[in-house]
>>> print(open('upload-v1.txt').read())   # compact mmCIF, C-alpha atoms and all ligand atoms
# COMPACT_ATOMS: atom_id res chain seq x y z
CA THR C 1 0.00 0.00 0.00
CA PRO C 2 1.13 3.53 -0.70
CA ILE C 3 2.38 5.95 1.92
CA THR C 4 -0.60 7.94 3.13
CA SER C 5 -0.93 11.27 4.88
CA PRO C 6 0.27 11.48 8.45
CA ASP C 7 -2.09 12.03 11.35
CA LEU C 8 -1.12 15.55 12.42
CA SER C 9 -2.24 14.91 15.97
CA LYS C 10 0.45 12.21 16.28
CA CYS C 11 3.31 14.57 15.51
CA THR C 12 6.10 14.47 18.08
CA THR C 13 9.53 16.04 18.60
CA GLY C 14 11.77 15.09 15.73
CA THR C 15 15.35 13.93 15.40
CA ASN C 16 18.22 16.10 14.22
CA LEU C 17 19.56 13.81 11.53
CA ASN C 18 23.02 15.39 11.52
CA THR C 19 23.62 14.86 15.21
CA GLN C 20 21.05 12.11 15.89
CA GLN C 21 19.86 14.13 18.92
CA PRO C 22 16.22 15.06 19.58
CA ILE C 23 15.34 18.48 18.19
CA ASP C 24 14.71 20.91 21.03
CA GLU C 25 12.05 22.82 19.10
CA ASN C 26 8.66 21.64 18.04
CA CYS C 27 8.13 21.63 14.29
CA CYS C 28 4.62 20.16 14.27
CA PRO C 29 2.01 21.98 12.19
CA PRO C 30 -1.23 23.50 13.51
CA GLN C 31 -4.16 21.10 13.49
CA SER C 32 -7.27 21.38 11.43
CA THR C 33 -10.62 19.70 11.80
CA GLN C 34 -11.14 19.49 8.07
CA ILE C 35 -9.07 17.94 5.30
CA ILE C 36 -9.94 18.75 1.72
CA ASP C 37 -9.01 16.50 -1.20
CA TYR C 38 -7.11 18.90 -3.40
CA LYS C 39 -8.01 19.32 -7.05
CA LEU C 40 -5.60 21.17 -9.27
CA PRO C 41 -7.32 24.45 -10.14
CA ARG C 42 -7.86 25.34 -13.78
CA VAL C 43 -4.85 27.20 -15.09
CA ASP C 44 -5.87 30.68 -16.22
CA LYS C 45 -2.49 32.33 -16.03
CA MET C 46 0.81 30.49 -16.03
CA ARG C 47 3.22 31.31 -13.26
CA PHE C 48 6.72 31.99 -14.50
CA ARG C 49 9.75 30.83 -12.54
CA PRO C 50 12.80 32.84 -13.62
CA ALA C 51 16.47 32.03 -13.14
CA ALA C 52 17.54 34.04 -10.09
CA HIS C 53 20.60 35.52 -11.81
CA LEU C 54 18.47 36.79 -14.71
CA ALA C 55 15.37 37.91 -12.83
CA GLY C 56 16.25 41.56 -12.27
CA LYS C 57 15.44 44.26 -9.71
CA GLU C 58 11.74 44.62 -10.20
CA TYR C 59 11.12 40.93 -9.86
CA PHE C 60 13.22 40.70 -6.70
CA ALA C 61 11.45 43.67 -5.16
CA LYS C 62 8.18 41.72 -5.47
CA PHE C 63 9.69 38.52 -4.17
CA GLU C 64 11.23 40.30 -1.18
CA LYS C 65 7.96 41.97 -0.39
CA ALA C 66 6.18 38.63 -0.46
CA ILE C 67 8.71 37.00 1.87
CA ALA C 68 8.52 39.97 4.25
CA LEU C 69 4.72 39.62 4.33
CA MET C 70 5.03 35.91 4.97
CA LYS C 71 7.32 36.63 7.92
CA ALA C 72 4.78 39.14 9.23
CA LEU C 73 1.85 36.69 9.35
CA PRO C 74 0.78 35.62 12.85
CA PRO C 75 3.12 32.89 14.16
CA ASP C 76 0.32 30.33 14.34
CA ASP C 77 -0.89 30.95 10.78
CA PRO C 78 0.15 27.86 8.81
CA ARG C 79 1.30 30.16 5.99
CA ASN C 80 3.72 32.02 8.26
CA PHE C 81 7.39 31.83 7.28
CA MET C 82 8.48 29.68 10.23
CA GLN C 83 5.44 27.45 9.92
CA GLN C 84 6.35 26.87 6.30
CA ALA C 85 9.95 26.12 7.26
CA ASN C 86 8.66 23.60 9.80
CA VAL C 87 6.74 21.71 7.14
CA HIS C 88 10.08 20.45 5.93
CA CYS C 89 11.18 19.43 9.41
CA ALA C 90 7.94 17.62 10.16
CA TYR C 91 8.12 15.49 7.00
CA CYS C 92 11.82 14.77 7.20
CA ASN C 93 12.89 14.58 10.78
CA LEU C 94 10.91 11.55 11.86
CA THR C 95 8.17 13.42 13.71
CA TYR C 96 5.23 11.38 12.36
CA PRO C 97 4.53 7.70 12.71
CA GLN C 98 3.87 6.12 9.35
CA THR C 99 0.15 5.75 8.85
CA GLY C 100 -0.40 2.04 8.38
CA ASP C 101 2.76 0.93 10.19
CA THR C 102 3.13 2.99 13.32
CA LYS C 103 6.34 1.23 14.40
CA LEU C 104 8.06 3.15 11.62
CA LYS C 105 8.53 6.87 11.10
CA LEU C 106 7.64 8.85 8.03
CA GLN C 107 10.49 10.36 5.99
CA ILE C 108 9.96 11.58 2.45
CA HIS C 109 13.66 11.92 1.56
CA ASN C 110 15.96 9.27 0.15
CA CYS C 111 13.17 7.57 -1.74
CA TRP C 112 10.92 7.85 -4.79
CA HIS C 113 8.76 10.56 -3.18
CA PHE C 114 11.58 13.09 -3.13
CA TYR C 115 10.55 14.90 -6.32
CA PRO C 116 6.76 14.80 -5.95
CA TRP C 117 6.73 15.82 -2.29
CA HIS C 118 9.04 18.79 -2.83
CA ARG C 119 7.06 19.81 -5.87
CA TRP C 120 3.96 20.14 -3.71
CA TYR C 121 5.89 21.92 -0.99
CA LEU C 122 7.12 24.58 -3.41
CA TYR C 123 3.77 24.74 -5.14
CA PHE C 124 1.95 25.89 -2.01
CA TYR C 125 4.82 28.09 -0.86
CA GLU C 126 4.68 29.90 -4.19
CA ARG C 127 0.90 30.26 -4.11
CA ILE C 128 1.04 31.68 -0.60
CA LEU C 129 3.63 34.25 -1.69
CA GLY C 130 1.63 35.11 -4.81
CA LYS C 131 -1.49 35.61 -2.77
CA LEU C 132 0.27 37.88 -0.28
CA ILE C 133 1.31 40.25 -3.07
CA ASP C 134 -1.87 39.66 -5.02
CA ASP C 135 -0.05 38.34 -8.05
CA PRO C 136 -1.44 35.10 -9.50
CA THR C 137 1.47 34.89 -11.94
CA PHE C 138 4.17 35.01 -9.29
CA GLY C 139 6.70 32.20 -9.59
CA LEU C 140 9.67 31.34 -7.39
CA PRO C 141 13.14 32.12 -8.75
CA PHE C 142 15.34 29.12 -9.40
CA TRP C 143 19.00 29.00 -8.50
CA ASN C 144 20.50 27.94 -11.80
CA TRP C 145 23.50 26.10 -10.31
CA ASP C 146 23.73 23.70 -13.24
CA ASN C 147 24.84 26.59 -15.46
CA PRO C 148 28.20 28.39 -14.94
CA ASP C 149 26.38 31.76 -14.91
CA GLY C 150 24.42 30.61 -11.86
CA MET C 151 27.25 28.86 -10.04
CA VAL C 152 27.47 31.38 -7.23
CA MET C 153 25.06 32.24 -4.41
CA PRO C 154 22.51 34.63 -5.93
CA GLN C 155 23.42 38.21 -4.89
CA GLU C 156 19.95 39.18 -3.69
CA PHE C 157 20.04 36.55 -0.96
CA VAL C 158 23.27 37.89 0.46
CA ARG C 159 22.29 41.51 1.07
CA LYS C 160 21.96 41.99 4.85
CA GLU C 161 18.87 44.21 4.68
CA SER C 162 16.97 41.79 2.49
CA PRO C 163 14.26 39.49 3.85
CA LEU C 164 16.01 36.85 1.73
CA PHE C 165 19.12 37.15 3.88
CA ASN C 166 20.05 34.41 6.30
CA GLY C 167 22.98 34.74 8.70
CA ARG C 168 23.49 31.01 9.15
CA ARG C 169 25.47 30.28 6.03
CA ASN C 170 29.06 29.31 5.42
CA GLN C 171 30.77 32.71 5.15
CA GLN C 172 33.50 31.17 2.98
CA HIS C 173 30.90 30.47 0.35
CA LEU C 174 29.43 33.90 -0.22
CA PRO C 175 29.95 35.38 -3.70
CA PRO C 176 32.18 35.12 -5.62
CA ALA C 177 32.86 31.54 -4.37
CA ALA C 178 31.80 29.01 -7.00
CA THR C 179 29.10 26.56 -5.92
CA ASP C 180 30.68 23.15 -5.59
CA LEU C 181 28.36 20.31 -6.59
CA ALA C 182 30.87 17.84 -5.18
CA TYR C 183 31.20 19.72 -1.90
CA SER C 184 32.23 17.83 1.14
CA ALA C 185 33.82 19.48 4.15
CA GLN C 186 36.34 16.63 4.36
CA SER C 187 37.79 16.78 0.87
CA PRO C 188 37.69 20.25 -0.68
CA THR C 189 37.63 20.46 -4.46
CA ASN C 190 40.45 22.34 -6.16
CA PRO C 191 38.82 25.76 -6.84
CA LYS C 192 40.03 25.76 -10.45
CA LYS C 193 38.30 22.49 -11.13
CA ILE C 194 34.93 23.29 -9.55
CA ILE C 195 33.10 24.50 -12.65
CA PRO C 196 34.17 21.80 -15.12
CA ASN C 197 33.65 19.26 -12.39
CA ASN C 198 30.11 20.58 -11.81
CA LEU C 199 29.25 20.09 -15.48
CA THR C 200 30.51 16.53 -15.43
CA ILE C 201 28.46 15.85 -12.30
CA MET C 202 25.33 17.22 -13.93
CA TYR C 203 25.81 15.05 -16.97
CA SER C 204 26.30 11.97 -14.83
CA GLU C 205 23.30 12.63 -12.63
CA MET C 206 20.95 13.62 -15.42
CA VAL C 207 21.97 11.40 -18.31
CA ARG C 208 24.44 8.73 -17.51
CA ASN C 209 23.29 7.28 -14.20
CA GLY C 210 19.63 7.14 -15.00
CA SER C 211 18.91 4.03 -16.96
CA LYS C 212 16.41 2.72 -14.43
CA LEU C 213 13.69 4.96 -13.02
CA GLU C 214 14.91 4.27 -9.47
CA ASP C 215 18.36 5.56 -10.40
CA PHE C 216 16.90 8.98 -10.95
CA TYR C 217 13.94 9.04 -8.58
CA GLY C 218 15.17 7.00 -5.64
CA ALA C 219 14.05 3.69 -4.22
CA LYS C 220 10.56 2.39 -3.68
CA TYR C 221 8.99 3.51 -0.41
CA VAL C 222 5.63 2.12 0.68
CA THR C 223 3.81 1.41 3.92
CA GLY C 224 6.13 -0.77 5.97
CA THR C 225 9.40 0.38 4.37
CA GLU C 226 12.06 1.62 6.78
CA PRO C 227 12.88 5.33 6.30
CA SER C 228 15.44 6.24 3.61
CA PRO C 229 15.56 3.19 1.32
CA GLY C 230 17.85 5.09 -1.05
CA PRO C 231 18.10 8.43 -2.89
CA GLY C 232 18.18 9.07 -6.63
CA SER C 233 21.17 10.51 -8.48
CA VAL C 234 20.46 14.25 -8.06
CA GLU C 235 19.18 13.94 -4.51
CA ARG C 236 22.28 12.03 -3.44
CA GLY C 237 24.69 14.18 -5.42
CA SER C 238 24.46 17.85 -6.35
CA HIS C 239 21.33 18.45 -4.28
CA ILE C 240 22.72 17.35 -0.94
CA ALA C 241 26.18 18.75 -1.68
CA LEU C 242 24.70 22.23 -2.08
CA HIS C 243 22.71 21.97 1.13
CA GLY C 244 25.98 21.34 2.93
CA TRP C 245 27.82 23.97 0.92
CA VAL C 246 25.39 26.73 1.92
CA GLY C 247 24.96 25.80 5.58
CA GLU C 248 27.35 26.79 8.34
CA ALA C 249 30.56 24.82 8.61
CA THR C 250 29.51 23.19 11.89
CA PRO C 251 28.40 19.62 12.66
CA SER C 252 24.76 20.68 12.64
CA GLY C 253 25.19 22.69 9.40
CA MET C 254 22.36 25.11 10.10
CA ASP C 255 20.35 26.39 8.41
CA MET C 256 20.59 24.94 4.90
CA GLY C 257 22.80 22.01 5.78
CA ASN C 258 20.30 20.44 8.15
CA LEU C 259 16.93 19.08 7.08
CA TYR C 260 15.17 20.35 10.17
CA SER C 261 16.25 23.98 9.74
CA THR C 262 16.75 24.17 5.98
CA GLY C 263 13.34 25.74 5.25
CA ARG C 264 14.34 28.77 7.33
CA ASP C 265 16.67 29.89 4.58
CA PRO C 266 14.73 31.44 1.68
CA LEU C 267 17.52 30.18 -0.55
CA PHE C 268 16.23 26.67 0.10
CA PHE C 269 13.21 27.32 -2.11
CA SER C 270 15.34 28.54 -4.99
CA HIS C 271 17.66 25.60 -4.56
CA HIS C 272 14.71 23.26 -4.74
CA ALA C 273 13.10 25.12 -7.60
CA ASN C 274 16.20 24.13 -9.55
CA VAL C 275 15.91 20.53 -8.42
CA ASP C 276 12.28 20.60 -9.52
CA ARG C 277 13.25 22.12 -12.85
CA LEU C 278 15.82 19.36 -13.35
CA TRP C 279 13.02 16.84 -12.90
CA THR C 280 11.10 18.46 -15.75
CA ILE C 281 14.24 18.58 -17.91
CA TRP C 282 15.04 14.95 -17.18
CA ARG C 283 11.56 13.93 -18.30
CA GLY C 284 12.10 15.79 -21.55
CA LEU C 285 15.43 14.02 -22.11
CA ARG C 286 13.77 10.63 -21.70
CA GLU C 287 11.90 11.04 -25.00
CA SER C 288 10.07 7.73 -25.50
CA LYS C 289 11.52 5.98 -22.45
CA PRO C 290 9.23 5.70 -19.39
CA LYS C 291 9.19 8.86 -17.31
CA ASP C 292 7.15 7.73 -14.32
CA PHE C 293 6.62 4.67 -12.19
CA PRO C 294 3.38 3.04 -13.24
CA ASP C 295 3.01 1.70 -9.68
CA PHE C 296 -0.22 2.34 -7.84
CA ASP C 297 1.92 2.68 -4.71
CA TRP C 298 3.78 5.63 -6.16
CA LEU C 299 0.97 7.44 -7.94
CA ASN C 300 -1.49 7.21 -5.08
CA ALA C 301 0.74 8.21 -2.20
CA ASP C 302 -0.66 11.31 -0.52
CA PHE C 303 0.55 14.12 1.72
CA LEU C 304 -0.96 17.04 3.62
CA PHE C 305 -0.21 20.72 3.13
CA TYR C 306 -1.84 24.02 3.98
CA ASP C 307 -2.78 25.90 0.84
CA GLU C 308 -2.73 29.65 0.18
CA ASN C 309 -6.10 29.97 1.90
CA ALA C 310 -4.86 28.16 5.01
CA ARG C 311 -6.99 25.12 4.25
CA LEU C 312 -5.50 21.73 5.03
CA VAL C 313 -5.44 19.78 1.77
CA ARG C 314 -4.58 16.22 0.78
CA VAL C 315 -2.50 15.94 -2.39
CA LYS C 316 -1.36 13.00 -4.47
CA VAL C 317 1.79 12.13 -6.36
CA VAL C 318 -0.21 11.53 -9.53
CA ASP C 319 -1.01 15.24 -9.80
CA THR C 320 2.64 16.29 -9.86
CA LEU C 321 3.70 14.69 -13.12
CA ASP C 322 3.27 17.76 -15.29
CA ASN C 323 4.31 21.17 -13.98
CA GLU C 324 2.27 22.97 -16.64
CA LYS C 325 -0.89 21.32 -15.39
CA MET C 326 0.11 22.64 -11.98
CA GLY C 327 0.23 26.10 -13.49
CA TYR C 328 3.88 27.03 -13.69
CA ILE C 329 6.74 26.97 -16.17
CA TYR C 330 10.46 27.63 -16.01
CA GLN C 331 12.51 30.15 -17.86
CA ASP C 332 14.31 28.41 -20.70
CA VAL C 333 18.07 28.59 -20.25
CA ASP C 334 21.01 26.84 -21.80
CA LEU C 335 22.02 23.37 -20.54
CA PRO C 336 25.80 23.41 -20.97
CA TRP C 337 26.25 20.09 -19.12
CA LEU C 338 24.36 18.28 -21.82
CA LYS C 339 27.42 18.63 -24.06
CA ASN C 340 29.64 17.57 -21.22
CA ARG C 341 29.72 13.90 -21.74
CA PRO C 342 32.78 12.73 -19.79
CU1 LIG C 401 13.80 18.25 1.52
CU2 LIG C 401 16.76 19.49 -0.21
O1 LIG C 401 15.64 18.63 1.00
>>> encode(input="upload-v1.txt", output="structure tokens")
Amino acid sequence: TPITSPDLSKCTTGTNLNTQQPIDENCCPPQSTQIIDYKLPRVDKMRFRPAAHLAGKEYFAKFEKAIALMKALPPDDPRNFMQQANVHCAYCNLTYPQTGDTKLKLQIHNCWHFYPWHRWYLYFYERILGKLIDDPTFGLPFWNWDNPDGMVMPQEFVRKESPLFNGRRNQQHLPPAATDLAYSAQSPTNPKKIIPNNLTIMYSEMVRNGSKLEDFYGAKYVTGTEPSPGPGSVERGSHIALHGWVGEATPSGMDMGNLYSTGRDPLFFSHHANVDRLWTIWRGLRESKPKDFPDFDWLNADFLFYDENARLVRVKVVDTLDNEKMGYIYQDVDLPWLKNRP
């Protein structure tokens, strides 16, 4: 049977997965008496997700305003900035028992739900922001770290006065440091090699190491599976490397380098917008090869989120397969790694 939505009333203190200690803050969401089965709304206007380094001043002024408004919502409003950050913690840091096998904990990383779950997470985050600035076309900016032009922390996130700023980042990695998709604190990459190395990594993750669906998506995860059966190529590689690269150089790696605190850094959502975009690109590269698991257990897994109207909604994996049906598209940019066959 597929993974089904957690019972919010069973949420408990989570585990800090970097230190294996209990988290001393509560990241459980507010409760709601009603759960609505979510139907994708008809798409009247497409939302446009621009590359952060190309988006420009006017766009960022809107985005900053939206984030500031989100921070200003009452702390118990499920759309509030910290509440939204906690959504990530609750689904990743073993706070919920698995519905259907309560001996086990729910964890949506390191498995085949990585892409669909994060797609929903960003989807509602974006709709909340768009609603706060009354712009139904608002789309999140993506951090284009697979392209040399985007291989640096986007400037707008680094300005101290900006609501996009976060103080808990590795200060060695502020611009102009090149984003290292092979980053590991133990074995630093030769700075001169970072960019060519990044392109090789992208090619491997997106083209070479993806013959089976699991190789790209991650391993099967159903009711009764232990948490973290295995990540896909991007999740394991560039994605997690950049989390660690952005976060503080401490064992807990806050904020970005730790799954419980990562949603507190607005850069998280641009990082994941790029991961989400890579999913769409990967599907395009598959041409006639299968793009999705046909399994009932994948397609019918469901999760809970609060939508832009603060309603608790139940969403399914099957509705995430086409971003255009979800009402957003990505700016088209060059894919230099595609020519980077090692
Ligand atoms: Cu939910 Cu990049 O992790």
>>> residues_near_ligand(input="upload-v1.txt", ligand="ligand LIG 401 (chain C)", cutoff="8 Å", atoms="all atoms listed in the file", output="PyMOL selection string")
chain C and resi 88+92+108-109+114+118+235+239-240+243+259+262+268+271-272
>>> residues_around(input="upload-v1.txt", residues="segment 215-219 of chain C", least_positions_apart="2", cutoff="10 Å", atoms="all atoms listed in the file", output="ChimeraX atom specification")
/C:109-116,205-213,221-222,228-236,279,282,291-293
>>> atom_distance(input="upload-v1.txt", atom1="atom CA of Asp322 of chain C", atom2="atom CA of Trp120 of chain C")
11.8 Å
>>> residues_around(input="upload-v1.txt", residues="Arg169 of chain C", least_positions_apart="5", cutoff="7 Å", atoms="only C-alpha atoms", output="compact mmCIF listing (two decimals) with C-alpha atoms, in the frame of the given file")
# COMPACT_ATOMS: atom_id res chain seq x y z
CA VAL C 246 25.39 26.73 1.92
CA GLY C 247 24.96 25.80 5.58
CA GLU C 248 27.35 26.79 8.34
CA ASP C 255 20.35 26.39 8.41
>>> atom_distance(input="upload-v1.txt", atom1="atom CA of Glu156 of chain C", atom2="atom CA of Asn144 of chain C")
13.9 Å
>>> residues_around(input="upload-v1.txt", residues="Trp143 of chain C", least_positions_apart="2", cutoff="7 Å", atoms="only C-alpha atoms", output="list in words")
Ala51, Ala52, Pro141, Trp145, Gly150, Ser270, His271 and Asn274 of chain C
>>> closest_residue(input="upload-v1.txt", among="C:Ala249, C:Pro227, C:Gln172, C:Lys339", to="Lys103 of chain C", atoms="only C-alpha atoms")
C:Pro227
>>> closest_residue(input="upload-v1.txt", among="C:Asn170, C:Ser162, C:Asn197, C:Thr225", to="Asn147 of chain C", atoms="only C-alpha atoms")
C:Asn197
>>> closest_residue(input="upload-v1.txt", among="C:Pro266, C:Pro50, C:Gly139, C:Pro188", to="Gln331 of chain C", atoms="all atoms listed in the file")
C:Pro50
>>> residues_around(input="upload-v1.txt", residues="Asp319 of chain C", least_positions_apart="2", cutoff="12 Å", atoms="all atoms listed in the file", output="list in words")
Asp37, Tyr38, Lys39, Leu40, Pro41, Pro116, Trp117, Arg119, Trp120, Tyr123, Asp292, Trp298, Leu299, Asn300, Ala301, Asp302, Phe303, Arg314, Val315, Lys316, Val317, Leu321, Asp322, Asn323, Glu324, Lys325, Met326 and Gly327 of chain C
>>> atom_distance(input="upload-v1.txt", atom1="atom CA of Tyr328 of chain C", atom2="atom CA of Ala273 of chain C")
11.2 Å
>>> closest_residue(input="upload-v1.txt", among="C:Leu278, C:Arg286, C:Ile36, C:Lys193", to="Asp332 of chain C", atoms="all atoms listed in the file")
C:Leu278
>>> residues_near_point(input="upload-v1.txt", point="(-1.6, 18.3, 11.7)", cutoff="12 Å", atoms="only C-alpha atoms", output="PyMOL selection string")
chain C and resi 5-12+27-35+78+83+86-87+90-91+95-96+303-306+311-314
>>> closest_residue(input="upload-v1.txt", among="C:Val158, C:Leu338, C:Lys131, C:Lys71", to="Ile281 of chain C", atoms="all atoms listed in the file")
C:Leu338
>>> closest_residue(input="upload-v1.txt", among="C:Ala177, C:Ile194, C:Leu69, C:Ala85", to="Ser261 of chain C", atoms="all atoms listed in the file")
C:Ala85
>>> residues_near_point(input="upload-v1.txt", point="(6.1, 31.5, 10.1)", cutoff="9 Å", atoms="all atoms listed in the file", output="list in words")
Met70, Lys71, Ala72, Leu73, Pro74, Pro75, Asp76, Asp77, Pro78, Arg79, Asn80, Phe81, Met82, Gln83, Gln84, Ala85 and Asn86 of chain C
>>> residues_around(input="upload-v1.txt", residues="Lys62 of chain C", least_positions_apart="2", cutoff="12 Å", atoms="only C-alpha atoms", output="number ranges by chain")
C: 55-60, 64-69, 129-135, 137-141, 162-164
>>> decode(input="upload-v1.txt", residues="segment 210-277 of chain C", atoms="C-alpha atoms", output="mmCIF file, in the first residue's frame")
data_model
loop_
_atom_site.group_PDB
_atom_site.id
_atom_site.type_symbol
_atom_site.label_atom_id
_atom_site.label_comp_id
_atom_site.auth_asym_id
_atom_site.auth_seq_id
_atom_site.Cartn_x
_atom_site.Cartn_y
_atom_site.Cartn_z
ATOM 1 C CA GLY C 210 19.629 7.143 -15.003
ATOM 2 C CA SER C 211 18.909 4.034 -16.963
ATOM 3 C CA LYS C 212 16.414 2.725 -14.427
ATOM 4 C CA LEU C 213 13.685 4.955 -13.018
ATOM 5 C CA GLU C 214 14.906 4.274 -9.470
ATOM 6 C CA ASP C 215 18.359 5.558 -10.396
ATOM 7 C CA PHE C 216 16.897 8.981 -10.953
ATOM 8 C CA TYR C 217 13.936 9.043 -8.580
ATOM 9 C CA GLY C 218 15.175 6.995 -5.644
ATOM 10 C CA ALA C 219 14.046 3.687 -4.222
ATOM 11 C CA LYS C 220 10.557 2.392 -3.682
ATOM 12 C CA TYR C 221 8.986 3.511 -0.409
ATOM 13 C CA VAL C 222 5.635 2.123 0.684
ATOM 14 C CA THR C 223 3.815 1.406 3.917
ATOM 15 C CA GLY C 224 6.125 -0.774 5.967
ATOM 16 C CA THR C 225 9.396 0.383 4.368
ATOM 17 C CA GLU C 226 12.056 1.621 6.783
ATOM 18 C CA PRO C 227 12.875 5.334 6.305
ATOM 19 C CA SER C 228 15.445 6.239 3.612
ATOM 20 C CA PRO C 229 15.558 3.192 1.323
ATOM 21 C CA GLY C 230 17.853 5.089 -1.054
ATOM 22 C CA PRO C 231 18.097 8.426 -2.886
ATOM 23 C CA GLY C 232 18.176 9.069 -6.629
ATOM 24 C CA SER C 233 21.171 10.514 -8.476
ATOM 25 C CA VAL C 234 20.464 14.246 -8.056
ATOM 26 C CA GLU C 235 19.180 13.935 -4.508
ATOM 27 C CA ARG C 236 22.275 12.030 -3.436
ATOM 28 C CA GLY C 237 24.687 14.182 -5.421
ATOM 29 C CA SER C 238 24.456 17.851 -6.347
ATOM 30 C CA HIS C 239 21.332 18.452 -4.284
ATOM 31 C CA ILE C 240 22.717 17.354 -0.943
ATOM 32 C CA ALA C 241 26.183 18.749 -1.682
ATOM 33 C CA LEU C 242 24.704 22.229 -2.076
ATOM 34 C CA HIS C 243 22.706 21.970 1.131
ATOM 35 C CA GLY C 244 25.984 21.344 2.933
ATOM 36 C CA TRP C 245 27.824 23.973 0.922
ATOM 37 C CA VAL C 246 25.391 26.729 1.915
ATOM 38 C CA GLY C 247 24.957 25.801 5.583
ATOM 39 C CA GLU C 248 27.345 26.790 8.342
ATOM 40 C CA ALA C 249 30.561 24.816 8.610
ATOM 41 C CA THR C 250 29.509 23.189 11.888
ATOM 42 C CA PRO C 251 28.405 19.622 12.657
ATOM 43 C CA SER C 252 24.762 20.685 12.636
ATOM 44 C CA GLY C 253 25.187 22.687 9.402
ATOM 45 C CA MET C 254 22.365 25.112 10.097
ATOM 46 C CA ASP C 255 20.349 26.389 8.408
ATOM 47 C CA MET C 256 20.594 24.938 4.896
ATOM 48 C CA GLY C 257 22.797 22.008 5.783
ATOM 49 C CA ASN C 258 20.303 20.435 8.152
ATOM 50 C CA LEU C 259 16.928 19.078 7.076
ATOM 51 C CA TYR C 260 15.168 20.353 10.166
ATOM 52 C CA SER C 261 16.249 23.978 9.739
ATOM 53 C CA THR C 262 16.747 24.167 5.979
ATOM 54 C CA GLY C 263 13.345 25.738 5.245
ATOM 55 C CA ARG C 264 14.338 28.770 7.328
ATOM 56 C CA ASP C 265 16.668 29.895 4.584
ATOM 57 C CA PRO C 266 14.731 31.441 1.680
ATOM 58 C CA LEU C 267 17.515 30.184 -0.553
ATOM 59 C CA PHE C 268 16.225 26.671 0.101
ATOM 60 C CA PHE C 269 13.205 27.315 -2.107
ATOM 61 C CA SER C 270 15.345 28.544 -4.991
ATOM 62 C CA HIS C 271 17.664 25.604 -4.558
ATOM 63 C CA HIS C 272 14.707 23.256 -4.743
ATOM 64 C CA ALA C 273 13.103 25.124 -7.596
ATOM 65 C CA ASN C 274 16.196 24.134 -9.554
ATOM 66 C CA VAL C 275 15.910 20.527 -8.420
ATOM 67 C CA ASP C 276 12.277 20.603 -9.519
ATOM 68 C CA ARG C 277 13.246 22.121 -12.851
#
